[in-house]
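Visitor: My structure is in upload-v2.txt, and what it holds is compact mmCIF, C-alpha atoms and all ligand atoms:
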```
# COMPACT_ATOMS: atom_id res chain seq x y z
CA MET A 7 -0.68 -12.23 10.51
CA LYS A 8 -0.11 -12.67 6.77
CA VAL A 9 -0.06 -9.69 4.45
CA VAL A 10 -1.36 -9.66 0.88
CA ILE A 11 0.08 -7.04 -1.46
CA PRO A 12 -1.73 -6.89 -4.80
CA ALA A 13 0.77 -5.83 -7.45
CA ALA A 14 -0.71 -7.07 -10.70
CA GLY A 15 -2.18 -3.79 -12.00
CA LEU A 16 -1.05 -2.33 -15.30
CA GLY A 17 -0.15 1.11 -13.97
CA ILE A 18 -2.11 2.91 -16.64
CA ARG A 19 -2.24 6.11 -14.58
CA PHE A 20 1.54 6.30 -14.76
CA LEU A 21 2.22 5.73 -18.45
CA PRO A 22 4.63 5.96 -20.18
CA ALA A 23 6.91 5.16 -17.20
CA THR A 24 5.03 1.90 -16.61
CA LYS A 25 4.96 0.68 -20.20
CA ALA A 26 7.81 -1.79 -19.69
CA GLN A 27 8.32 -1.81 -15.92
CA PRO A 28 6.02 -2.54 -12.99
CA LYS A 29 4.56 0.57 -11.38
CA GLU A 30 5.50 -0.91 -7.99
CA MET A 31 9.18 -0.58 -8.98
CA LEU A 32 9.03 3.16 -9.64
CA PRO A 33 11.54 4.74 -7.29
CA VAL A 34 10.55 7.22 -4.62
CA VAL A 35 13.89 8.87 -3.88
CA ASP A 36 16.03 5.73 -4.29
CA LYS A 37 13.74 2.92 -3.19
CA PRO A 38 11.09 1.20 -5.29
CA ALA A 39 7.59 2.03 -4.05
CA ILE A 40 6.85 -1.57 -3.06
CA GLN A 41 9.85 -1.64 -0.72
CA TYR A 42 8.25 1.08 1.43
CA VAL A 43 5.14 -1.07 1.70
CA VAL A 44 7.05 -4.25 2.60
CA GLU A 45 9.06 -2.29 5.18
CA GLU A 46 5.85 -0.94 6.74
CA ALA A 47 4.61 -4.53 7.13
CA VAL A 48 7.93 -5.70 8.58
CA GLU A 49 8.03 -2.76 11.02
CA SER A 50 4.59 -3.87 12.20
CA GLY A 51 5.94 -7.35 12.87
CA MET A 52 4.45 -8.98 9.76
CA THR A 53 7.01 -10.90 7.74
CA ASP A 54 4.83 -13.46 5.95
CA ILE A 55 4.00 -11.65 2.75
CA ILE A 56 2.11 -12.71 -0.35
CA ILE A 57 2.55 -10.54 -3.42
CA ILE A 58 -0.02 -10.97 -6.18
CA THR A 59 1.81 -10.41 -9.44
CA GLY A 60 1.11 -10.83 -13.12
CA ARG A 61 2.88 -10.76 -16.44
CA GLY A 62 5.71 -8.24 -16.68
CA LYS A 63 6.30 -8.10 -12.92
CA ARG A 64 9.49 -10.13 -12.61
CA ALA A 65 11.50 -7.13 -11.46
CA ILE A 66 9.59 -7.27 -8.15
CA GLU A 67 10.72 -10.85 -7.49
CA ASP A 68 14.28 -10.01 -8.50
CA HIS A 69 14.30 -7.01 -6.18
CA PHE A 70 13.54 -9.08 -3.07
CA ASP A 71 15.75 -11.98 -4.18
CA LYS A 72 19.39 -12.61 -3.34
CA SER A 73 21.69 -11.11 -5.93
CA TYR A 74 24.87 -13.21 -5.90
CA GLU A 75 26.66 -11.28 -8.62
CA LEU A 76 25.91 -7.87 -7.16
CA GLU A 77 26.88 -9.01 -3.66
CA HIS A 78 30.15 -10.46 -4.99
CA LYS A 79 31.03 -7.21 -6.80
CA LEU A 80 30.18 -5.06 -3.79
CA ARG A 81 32.24 -7.29 -1.52
CA GLU A 82 35.20 -7.08 -3.90
CA ALA A 83 34.85 -3.30 -4.06
CA GLY A 84 34.74 -3.11 -0.26
CA ASN A 85 31.40 -1.30 -0.39
CA SER A 86 30.08 -2.74 2.83
CA GLU A 87 27.27 -0.21 3.20
CA ALA A 88 25.63 -1.05 -0.15
CA LEU A 89 26.29 -4.76 0.46
CA ALA A 90 24.50 -4.67 3.81
CA GLU A 91 21.55 -2.87 2.21
CA VAL A 92 21.09 -5.36 -0.66
CA GLN A 93 21.40 -8.24 1.79
CA ARG A 94 18.83 -6.66 4.11
CA ILE A 95 16.33 -6.27 1.26
CA ALA A 96 16.64 -9.93 0.33
CA SER A 97 16.15 -11.20 3.86
CA MET A 98 13.71 -8.86 5.59
CA ALA A 99 10.60 -10.99 4.94
CA ASP A 100 9.38 -14.32 3.62
CA ILE A 101 7.76 -13.35 0.36
CA PHE A 102 5.56 -15.66 -1.69
CA TYR A 103 4.30 -14.84 -5.16
CA ILE A 104 0.99 -15.73 -6.73
CA ARG A 105 0.19 -14.78 -10.29
CA GLN A 106 -3.15 -13.33 -11.18
CA LYS A 107 -3.63 -14.68 -14.66
CA GLU A 108 -6.33 -12.23 -15.74
CA GLN A 109 -6.79 -8.62 -14.73
CA LEU A 110 -10.24 -8.99 -13.20
CA GLY A 111 -9.90 -6.37 -10.50
CA LEU A 112 -8.58 -5.79 -6.97
CA GLY A 113 -11.17 -8.06 -5.37
CA HIS A 114 -10.19 -10.88 -7.70
CA ALA A 115 -6.48 -10.32 -6.98
CA ILE A 116 -7.13 -10.78 -3.25
CA LEU A 117 -9.22 -13.85 -3.89
CA CYS A 118 -6.15 -15.37 -5.58
CA ALA A 119 -4.53 -15.45 -2.09
CA LYS A 120 -7.40 -17.34 -0.43
CA LYS A 121 -5.74 -20.77 -0.33
CA HIS A 122 -2.48 -19.39 1.01
CA VAL A 123 -4.11 -17.19 3.66
CA GLY A 124 -6.44 -19.92 4.93
CA ASN A 125 -9.01 -19.32 7.61
CA GLU A 126 -7.11 -16.58 9.44
CA PRO A 127 -7.28 -12.80 9.69
CA PHE A 128 -4.95 -11.08 7.24
CA ALA A 129 -3.83 -7.65 6.13
CA VAL A 130 -4.00 -6.10 2.66
CA MET A 131 -1.63 -3.32 1.63
CA LEU A 132 -1.82 -1.61 -1.74
CA GLY A 133 1.45 -0.64 -3.36
CA ASP A 134 0.05 2.67 -4.61
CA ASP A 135 -0.12 4.07 -1.12
CA ILE A 136 2.90 5.08 0.90
CA VAL A 137 2.14 6.22 4.43
CA VAL A 138 4.78 8.08 6.38
CA ASN A 139 4.49 7.92 10.14
CA GLU A 140 6.58 6.83 13.08
CA ARG A 141 4.00 4.20 14.03
CA PRO A 142 3.34 2.25 10.83
CA CYS A 143 -0.17 2.66 9.47
CA ILE A 144 -0.90 -1.06 9.12
CA GLY A 145 0.22 -1.58 12.74
CA GLN A 146 -2.38 1.01 13.82
CA LEU A 147 -5.06 -0.98 11.98
CA VAL A 148 -3.95 -4.27 13.52
CA GLU A 149 -4.30 -2.72 16.97
CA VAL A 150 -7.92 -1.71 16.27
CA PHE A 151 -8.58 -5.15 14.76
CA GLU A 152 -7.40 -6.76 17.97
CA GLN A 153 -9.61 -4.51 20.11
CA MET A 154 -12.75 -4.79 17.98
CA LYS A 155 -12.23 -8.37 16.69
CA ALA A 156 -13.58 -7.15 13.34
CA SER A 157 -12.31 -6.01 9.95
CA VAL A 158 -10.79 -2.52 9.71
CA VAL A 159 -9.98 -0.24 6.81
CA GLY A 160 -7.81 2.90 6.78
CA VAL A 161 -9.71 6.06 5.86
CA GLU A 162 -8.74 9.64 5.22
CA GLN A 163 -10.63 12.85 4.62
CA VAL A 164 -9.98 13.97 1.05
CA PRO A 165 -11.16 17.04 -0.90
CA LYS A 166 -14.53 16.47 -2.59
CA THR A 167 -12.91 16.94 -6.02
CA LYS A 168 -10.73 13.86 -5.46
CA LEU A 169 -13.34 11.48 -4.05
CA HIS A 170 -14.08 9.93 -7.46
CA ARG A 171 -10.63 8.29 -7.36
CA TYR A 172 -11.37 6.19 -4.27
CA GLY A 173 -13.78 3.99 -2.39
CA VAL A 174 -15.75 6.20 0.00
CA ILE A 175 -17.39 5.13 3.27
CA LYS A 176 -20.55 6.13 5.04
CA GLY A 177 -19.69 5.81 8.71
CA ARG A 178 -20.96 6.52 12.19
CA LYS A 179 -18.30 7.99 14.44
CA ILE A 180 -18.00 5.79 17.51
CA LYS A 181 -14.92 7.35 19.03
CA GLU A 182 -12.03 9.64 18.21
CA ASN A 183 -10.79 8.62 14.73
CA LEU A 184 -12.92 5.46 14.57
CA TYR A 185 -16.03 4.90 12.45
CA LYS A 186 -18.46 2.01 12.21
CA VAL A 187 -18.84 1.59 8.46
CA GLU A 188 -22.47 1.41 7.30
CA ASP A 189 -22.01 1.60 3.54
CA LEU A 190 -19.36 2.08 0.87
CA VAL A 191 -19.32 3.29 -2.73
CA GLU A 192 -16.46 2.63 -5.13
CA LYS A 193 -15.30 5.71 -7.04
CA PRO A 194 -18.51 7.72 -6.59
CA THR A 195 -19.62 10.72 -8.62
CA PRO A 196 -19.91 13.84 -6.43
CA ALA A 197 -23.65 13.17 -6.07
CA GLU A 198 -23.11 9.53 -5.04
CA ALA A 199 -20.38 10.17 -2.44
CA PRO A 200 -21.78 9.28 0.99
CA SER A 201 -19.10 11.35 2.82
CA ASP A 202 -15.64 12.77 2.24
CA MET A 203 -13.90 9.85 3.93
CA ALA A 204 -11.93 7.88 1.35
CA ILE A 205 -10.50 4.38 1.70
CA ILE A 206 -6.73 4.15 1.51
CA GLY A 207 -4.87 1.01 0.61
CA ARG A 208 -4.60 -0.47 4.12
CA TYR A 209 -7.00 -3.13 5.38
CA VAL A 210 -7.17 -5.88 8.00
CA PHE A 211 -9.80 -8.52 7.30
CA GLN A 212 -11.46 -11.38 9.02
CA PRO A 213 -11.26 -14.34 6.60
CA GLU A 214 -15.02 -14.03 6.00
CA ILE A 215 -14.18 -11.38 3.35
CA PHE A 216 -13.35 -14.26 0.96
CA GLU A 217 -16.92 -15.50 1.18
CA PHE A 218 -18.18 -12.06 0.11
CA LEU A 219 -15.56 -11.74 -2.61
CA GLU A 220 -16.79 -15.01 -4.06
CA ARG A 221 -20.35 -13.78 -4.02
CA ILE A 222 -20.05 -10.43 -5.78
CA ARG A 223 -20.37 -9.72 -9.48
CA PRO A 224 -18.24 -7.33 -11.52
CA GLY A 225 -18.87 -3.74 -10.41
CA LYS A 226 -17.33 -0.38 -11.32
CA GLY A 227 -15.29 -0.65 -14.52
CA GLY A 228 -16.46 -4.26 -15.00
CA GLU A 229 -14.03 -5.38 -12.26
CA ILE A 230 -14.46 -7.53 -9.16
CA GLN A 231 -14.23 -4.72 -6.63
CA LEU A 232 -12.97 -5.24 -3.08
CA THR A 233 -15.21 -2.34 -2.03
CA ASP A 234 -18.31 -4.26 -3.16
CA ALA A 235 -17.34 -7.25 -1.00
CA MET A 236 -16.78 -4.88 1.93
CA LYS A 237 -20.27 -3.50 1.38
CA LEU A 238 -21.69 -6.99 1.97
CA LEU A 239 -19.31 -7.50 4.89
CA CYS A 240 -20.43 -4.34 6.71
CA ARG A 241 -24.10 -5.33 6.32
CA ARG A 242 -23.73 -8.90 7.57
CA LYS A 243 -20.80 -8.57 9.99
CA SER A 244 -18.79 -5.58 11.24
CA LEU A 245 -16.39 -3.22 9.54
CA TYR A 246 -14.58 -0.25 11.08
CA GLY A 247 -12.87 2.71 9.45
CA LEU A 248 -9.78 4.07 11.17
CA LYS A 249 -8.66 7.61 10.51
CA PHE A 250 -5.00 6.65 10.81
CA LYS A 251 -2.16 8.88 11.92
CA GLY A 252 0.38 9.75 9.23
CA THR A 253 0.82 11.31 5.81
CA ARG A 254 -0.40 9.28 2.91
CA PHE A 255 0.81 9.65 -0.67
CA ASP A 256 -1.21 8.08 -3.47
CA ILE A 257 1.79 7.52 -5.66
CA GLY A 258 -0.37 6.12 -8.46
CA SER A 259 -1.07 9.81 -9.09
CA LYS A 260 1.80 11.68 -10.73
CA ALA A 261 1.42 14.78 -8.55
CA ASP A 262 1.45 12.73 -5.34
CA TRP A 263 4.45 10.77 -6.55
CA VAL A 264 6.39 14.01 -6.96
CA LYS A 265 5.17 15.20 -3.53
CA ALA A 266 6.27 11.89 -1.94
CA THR A 267 9.68 12.18 -3.57
CA ILE A 268 10.13 15.71 -2.22
CA ALA A 269 8.82 14.91 1.28
CA LEU A 270 10.91 11.77 1.68
CA SER A 271 14.07 13.36 0.30
CA MET A 272 13.70 16.11 2.91
CA GLN A 273 13.96 13.45 5.60
CA ARG A 274 17.22 12.16 4.16
CA LYS A 275 20.27 13.69 5.82
CA ASP A 276 22.49 12.72 2.87
CA LEU A 277 20.30 14.62 0.40
CA ALA A 278 18.53 17.36 2.28
CA GLU A 279 21.49 19.71 2.57
CA GLU A 280 22.19 19.69 -1.14
CA LEU A 281 18.56 19.80 -2.22
CA TYR A 282 17.22 22.22 0.34
CA PRO A 283 20.18 24.30 1.47
CA SER A 284 19.79 26.72 4.30
CA PRO A 285 20.17 30.41 3.30
CA GLN A 286 23.61 30.37 4.97
CA ALA A 287 24.73 27.41 2.87
CA VAL A 288 23.59 29.11 -0.36
CA LEU A 289 25.55 32.24 0.60
CA ARG A 290 28.63 30.15 1.42
CA ARG A 291 28.39 28.38 -1.93
CA SER A 292 27.93 31.57 -3.94
CA LYS A 293 31.20 32.91 -2.49
CA THR A 294 33.26 29.93 -3.64
C1 LIG B 301 -8.33 0.94 -4.89
C2 LIG B 301 -9.69 0.65 -4.26
C3 LIG B 301 -10.29 1.95 -3.70
C4 LIG B 301 -9.32 2.61 -2.74
C5 LIG B 301 -7.96 2.83 -3.44
C6 LIG B 301 -6.92 3.34 -2.44
O1 LIG B 301 -8.54 1.71 -6.05
O2 LIG B 301 -10.54 0.06 -5.21
O3 LIG B 301 -11.49 1.65 -3.03
O4 LIG B 301 -9.84 3.83 -2.30
O5 LIG B 301 -7.47 1.61 -4.00
O6 LIG B 301 -5.73 3.70 -3.07
P1 LIG B 301 -7.41 1.80 -7.23
O7 LIG B 301 -6.36 2.74 -6.71
O8 LIG B 301 -6.90 0.41 -7.42
O9 LIG B 301 -8.12 2.34 -8.41
```
Show the structure stored in the file as structure tokens.

Guide:
Amino acid sequence: MKVVIPAAGLGIRFLPATKAQPKEMLPVVDKPAIQYVVEEAVESGMTDIIIITGRGKRAIEDHFDKSYELEHKLREAGNSEALAEVQRIASMADIFYIRQKEQLGLGHAILCAKKHVGNEPFAVMLGDDIVVNERPCIGQLVEVFEQMKASVVGVEQVPKTKLHRYGVIKGRKIKENLYKVEDLVEKPTPAEAPSDMAIIGRYVFQPEIFEFLERIRPGKGGEIQLTDAMKLLCRRKSLYGLKFKGTRFDIGSKADWVKATIALSMQRKDLAEELYPSPQAVLRRSKT
């Protein structure tokens, strides 16, 4: 299954850091955010990846490209660990790039991949969302897609005060953690929110979504909204919402980006001891 990663957004929520660099390249610990997303796809067995880029996004292509000079220097320095890592990044997936020439919205960005995806099911992963879990989130969605033979979106319960940041579903629970989606609203006001189940940036679609994307008009914010196409999809065909297992960080939000950095650094053996020393270690250090 192919994966589409839209990465053409301007990163306005993260200014000034994103004034001259793509938001997808912001590091979380020591990896750019988009690398976590690509790794999640690869861990789920999906290595055919289409990244939708735009102006000012070259750093993304460079990141996943071979870096002859860097490799040469690392080899000369005998730094085999760093060498293996940069080589792994350049070879973990087949990545294709499509440029979205105008910023017309998420739905439009996905439509840019139509020709390349063809008439096959495909996954969409948004670079703003990092999901930490042993079983990758997108793999969980693919499993439901295979059982239900219908499009699936990842959903998560979020506090009512944060619902206006997301697409929100109205769903009928059909089994543990699975909802049949009956309606969706993009970035609702508290009064408009049909539930507290928000869409996260993980989707698996039947190719029919393209038909609906072509049909819709600009919605919220004057943009071609993926959520609006999904609204048509759930009325005419089927759409499921999976309450996935894992911790999701919306790293487009500054607070969540800091939380992700802390949580992921805690999992790193090479950093955790220095950053989060045990009381014994602090005592030992204060004596020296
Ligand atoms: C997009 C979608 C929204 C979804 C969100 C998940 O919004 O339009 O429905 O809930 O991603 O992160 P954006 O973050 O691009 O504003």

Visitor: Taking into account all atoms listed in the file, which residue in the set A:Ala26, A:Ile101, A:Ala129, A:Ala96 is nearest to Val10 in chain A?

Guide: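 Among the listed residues, A:Ala129 lies closest to Val10 in chain A.
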
Visitor: Compile a residue-level contact table for chain A against ligand LIG 301 (chain B) at a cut-off of 9 Å, reporting for every qualifying residue the shortest atom pair and its distance in Å to one decimal, with all atoms listed in the file counted, rows ordered by chain and ascending number, as a Markdown table.

Guide:
```
| residue | atom | partner | partner_atom | distance |
| --- | --- | --- | --- | --- |
| A:Gly15 | CA | B:LIG301 | O8 | 7.8 |
| A:Gly111 | CA | B:LIG301 | O8 | 8.0 |
| A:Leu112 | CA | B:LIG301 | O2 | 6.4 |
| A:Gly113 | CA | B:LIG301 | O2 | 8.1 |
| A:Leu132 | CA | B:LIG301 | O6 | 6.7 |
| A:Gly133 | CA | B:LIG301 | O6 | 8.4 |
| A:Asp134 | CA | B:LIG301 | O6 | 6.1 |
| A:Asp135 | CA | B:LIG301 | O6 | 6.0 |
| A:Val161 | CA | B:LIG301 | O4 | 8.5 |
| A:Leu169 | CA | B:LIG301 | O4 | 8.6 |
| A:Arg171 | CA | B:LIG301 | O9 | 6.5 |
| A:Tyr172 | CA | B:LIG301 | O4 | 3.4 |
| A:Gly173 | CA | B:LIG301 | O3 | 3.3 |
| A:Val174 | CA | B:LIG301 | O4 | 6.8 |
| A:Leu190 | CA | B:LIG301 | O3 | 8.8 |
| A:Val191 | CA | B:LIG301 | O3 | 8.0 |
| A:Glu192 | CA | B:LIG301 | O3 | 5.5 |
| A:Lys193 | CA | B:LIG301 | O3 | 6.9 |
| A:Ala204 | CA | B:LIG301 | O4 | 5.8 |
| A:Ile205 | CA | B:LIG301 | O4 | 4.1 |
| A:Ile206 | CA | B:LIG301 | C6 | 4.0 |
| A:Gly207 | CA | B:LIG301 | C6 | 4.4 |
| A:Arg208 | CA | B:LIG301 | C6 | 7.9 |
| A:Gln231 | CA | B:LIG301 | O2 | 6.2 |
| A:Leu232 | CA | B:LIG301 | O2 | 6.2 |
| A:Thr233 | CA | B:LIG301 | O3 | 5.5 |
| A:Asp256 | CA | B:LIG301 | O6 | 6.3 |
| A:Ile257 | CA | B:LIG301 | O6 | 8.8 |
| A:Gly258 | CA | B:LIG301 | O7 | 7.1 |
```

Visitor: Mind checking which residues fall within 10 Å of range 50-63 of chain A, counting all atoms listed in the file, ignoring those fewer than 4 positions away in the same chain, and posting them as an mmCIF file with C-alpha atoms, keeping the file's coordinate frame?

Guide:
```
data_model
loop_
_atom_site.group_PDB
_atom_site.id
_atom_site.type_symbol
_atom_site.label_atom_id
_atom_site.label_comp_id
_atom_site.auth_asym_id
_atom_site.auth_seq_id
_atom_site.Cartn_x
_atom_site.Cartn_y
_atom_site.Cartn_z
ATOM 1 C CA MET A 7 -0.680 -12.230 10.510
ATOM 2 C CA LYS A 8 -0.110 -12.670 6.770
ATOM 3 C CA VAL A 9 -0.060 -9.690 4.450
ATOM 4 C CA VAL A 10 -1.360 -9.660 0.880
ATOM 5 C CA ILE A 11 0.080 -7.040 -1.460
ATOM 6 C CA PRO A 12 -1.730 -6.890 -4.800
ATOM 7 C CA ALA A 13 0.770 -5.830 -7.450
ATOM 8 C CA ALA A 14 -0.710 -7.070 -10.700
ATOM 9 C CA GLY A 15 -2.180 -3.790 -12.000
ATOM 10 C CA LEU A 16 -1.050 -2.330 -15.300
ATOM 11 C CA LYS A 25 4.960 0.680 -20.200
ATOM 12 C CA ALA A 26 7.810 -1.790 -19.690
ATOM 13 C CA GLN A 27 8.320 -1.810 -15.920
ATOM 14 C CA PRO A 28 6.020 -2.540 -12.990
ATOM 15 C CA LYS A 29 4.560 0.570 -11.380
ATOM 16 C CA GLU A 30 5.500 -0.910 -7.990
ATOM 17 C CA MET A 31 9.180 -0.580 -8.980
ATOM 18 C CA ILE A 40 6.850 -1.570 -3.060
ATOM 19 C CA VAL A 44 7.050 -4.250 2.600
ATOM 20 C CA GLU A 45 9.060 -2.290 5.180
ATOM 21 C CA GLU A 46 5.850 -0.940 6.740
ATOM 22 C CA GLU A 67 10.720 -10.850 -7.490
ATOM 23 C CA ASP A 68 14.280 -10.010 -8.500
ATOM 24 C CA SER A 97 16.150 -11.200 3.860
ATOM 25 C CA MET A 98 13.710 -8.860 5.590
ATOM 26 C CA ALA A 99 10.600 -10.990 4.940
ATOM 27 C CA ASP A 100 9.380 -14.320 3.620
ATOM 28 C CA ILE A 101 7.760 -13.350 0.360
ATOM 29 C CA PHE A 102 5.560 -15.660 -1.690
ATOM 30 C CA TYR A 103 4.300 -14.840 -5.160
ATOM 31 C CA ILE A 104 0.990 -15.730 -6.730
ATOM 32 C CA ARG A 105 0.190 -14.780 -10.290
ATOM 33 C CA GLN A 106 -3.150 -13.330 -11.180
ATOM 34 C CA LYS A 107 -3.630 -14.680 -14.660
ATOM 35 C CA GLU A 108 -6.330 -12.230 -15.740
ATOM 36 C CA GLN A 109 -6.790 -8.620 -14.730
ATOM 37 C CA ALA A 115 -6.480 -10.320 -6.980
ATOM 38 C CA ILE A 116 -7.130 -10.780 -3.250
ATOM 39 C CA LEU A 117 -9.220 -13.850 -3.890
ATOM 40 C CA CYS A 118 -6.150 -15.370 -5.580
ATOM 41 C CA ALA A 119 -4.530 -15.450 -2.090
ATOM 42 C CA HIS A 122 -2.480 -19.390 1.010
ATOM 43 C CA VAL A 123 -4.110 -17.190 3.660
ATOM 44 C CA PHE A 128 -4.950 -11.080 7.240
ATOM 45 C CA ALA A 129 -3.830 -7.650 6.130
ATOM 46 C CA VAL A 130 -4.000 -6.100 2.660
ATOM 47 C CA MET A 131 -1.630 -3.320 1.630
ATOM 48 C CA GLY A 133 1.450 -0.640 -3.360
ATOM 49 C CA ARG A 141 4.000 4.200 14.030
ATOM 50 C CA PRO A 142 3.340 2.250 10.830
ATOM 51 C CA CYS A 143 -0.170 2.660 9.470
ATOM 52 C CA ILE A 144 -0.900 -1.060 9.120
ATOM 53 C CA GLY A 145 0.220 -1.580 12.740
ATOM 54 C CA GLN A 146 -2.380 1.010 13.820
ATOM 55 C CA VAL A 148 -3.950 -4.270 13.520
#
```

Visitor: Nearest residue to Lys121 in chain A out of A:Phe216, A:Ile95, A:Val48, A:Val34, using only C-alpha atoms?

Guide: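 Going through A:Phe216, A:Ile95, A:Val48, A:Val34 one by one, the smallest distance to Lys121 in chain A is for A:Phe216.
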
Visitor: One decimal, Å: what's the distance from CA of Glu77 in chain A over to CA of Arg64 in chain A, could you say?

Guide: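 Separation of CA of Glu77 in chain A and CA of Arg64 in chain A: 19.6 Å.
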
Visitor: Can you work out which one of A:Leu238, A:Lys226, A:Thr167, A:Leu80 has the shortest atom-to-atom distance to Glu188 in chain A, counting all atoms listed in the file?

Guide: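 Going through A:Leu238, A:Lys226, A:Thr167, A:Leu80 one by one, the smallest distance to Glu188 in chain A is for A:Leu238.
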
Visitor: I'd like the neighbourhood of range 261-277 of chain A as a compact mmCIF listing (two decimals) with C-alpha atoms, in the frame of the given file, where a residue qualifies if any of its atoms comes within 9 Å (using all atoms listed in the file), though same-chain residues fewer than 5 positions away should be ignored.

Guide:
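File part_10.txt, as written:
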```txt
# COMPACT_ATOMS: atom_id res chain seq x y z
CA PRO A 33 11.54 4.74 -7.29
CA VAL A 34 10.55 7.22 -4.62
CA VAL A 35 13.89 8.87 -3.88
CA ILE A 136 2.90 5.08 0.90
CA VAL A 138 4.78 8.08 6.38
CA ARG A 254 -0.40 9.28 2.91
CA PHE A 255 0.81 9.65 -0.67
CA ASP A 256 -1.21 8.08 -3.47
CA TYR A 282 17.22 22.22 0.34
```

Visitor: Which is closer to Ile222 in chain A than all the others in A:Ile18, A:Val210, A:Leu245, A:Lys237, using all atoms listed in the file?

Guide: A:Lys237

Visitor: Just how far from CA of Val150 in chain A is CA of Pro213 in chain A, in Å to one decimal?

Guide: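 We find that CA of Pro213 in chain A and CA of Val150 in chain A lie 16.3 Å from each other.
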
Visitor: In terms of the shortest atom-to-atom distance over all atoms listed in the file, which of A:Leu76, A:Val159, A:Met154, A:Ile215 is closest to Pro127 in chain A?

Guide: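 Nearest candidate to Pro127 in chain A out of A:Leu76, A:Val159, A:Met154, A:Ile215: A:Ile215.
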
Visitor: In Å, how far is it from CA of Phe151 in chain A to CA of Ser259 in chain A?

Guide: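 These atoms are spaced 29.1 Å apart.
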
Visitor: Restricting the calculation to all atoms listed in the file, which member of A:Glu217, A:Glu229, A:Glu279, A:Glu149 is positioned closest to His114 in chain A?

Guide: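 Among the listed residues, A:Glu229 lies closest to His114 in chain A.
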
Visitor: Just save range 119-132 of chain A with N, CA and C atoms, as a compact mmCIF listing (two decimals), in the first residue's frame.

Guide:
```txt
# COMPACT_ATOMS: atom_id res chain seq x y z
N ALA A 119 -1.74 13.72 -5.32
CA ALA A 119 -1.11 12.39 -5.41
C ALA A 119 -1.95 11.42 -6.23
N LYS A 120 -3.11 11.88 -6.72
CA LYS A 120 -4.07 10.97 -7.37
C LYS A 120 -3.44 10.11 -8.49
N LYS A 121 -2.72 10.76 -9.39
CA LYS A 121 -2.15 10.03 -10.53
C LYS A 121 -1.17 8.97 -10.06
N HIS A 122 -0.37 9.32 -9.07
CA HIS A 122 0.66 8.39 -8.61
C HIS A 122 0.06 7.23 -7.82
N VAL A 123 -1.01 7.50 -7.08
CA VAL A 123 -1.63 6.45 -6.26
C VAL A 123 -2.39 5.48 -7.16
N GLY A 124 -3.10 6.03 -8.14
CA GLY A 124 -3.90 5.17 -9.03
C GLY A 124 -5.14 4.67 -8.33
N ASN A 125 -5.69 3.60 -8.87
CA ASN A 125 -6.97 3.11 -8.36
C ASN A 125 -6.75 2.03 -7.29
N GLU A 126 -6.04 2.41 -6.25
CA GLU A 126 -5.70 1.45 -5.18
C GLU A 126 -5.92 2.09 -3.83
N PRO A 127 -6.18 1.27 -2.80
CA PRO A 127 -6.25 1.84 -1.46
C PRO A 127 -4.90 2.46 -1.08
N PHE A 128 -4.92 3.46 -0.25
CA PHE A 128 -3.67 4.10 0.16
C PHE A 128 -3.82 4.70 1.56
N ALA A 129 -2.65 4.95 2.17
CA ALA A 129 -2.67 5.54 3.51
C ALA A 129 -2.27 7.01 3.43
N VAL A 130 -2.75 7.79 4.38
CA VAL A 130 -2.33 9.19 4.52
C VAL A 130 -1.81 9.37 5.94
N MET A 131 -0.64 9.97 6.05
CA MET A 131 -0.07 10.23 7.38
C MET A 131 0.36 11.69 7.45
N LEU A 132 -0.13 12.41 8.44
CA LEU A 132 0.23 13.82 8.56
C LEU A 132 1.46 13.96 9.45
```
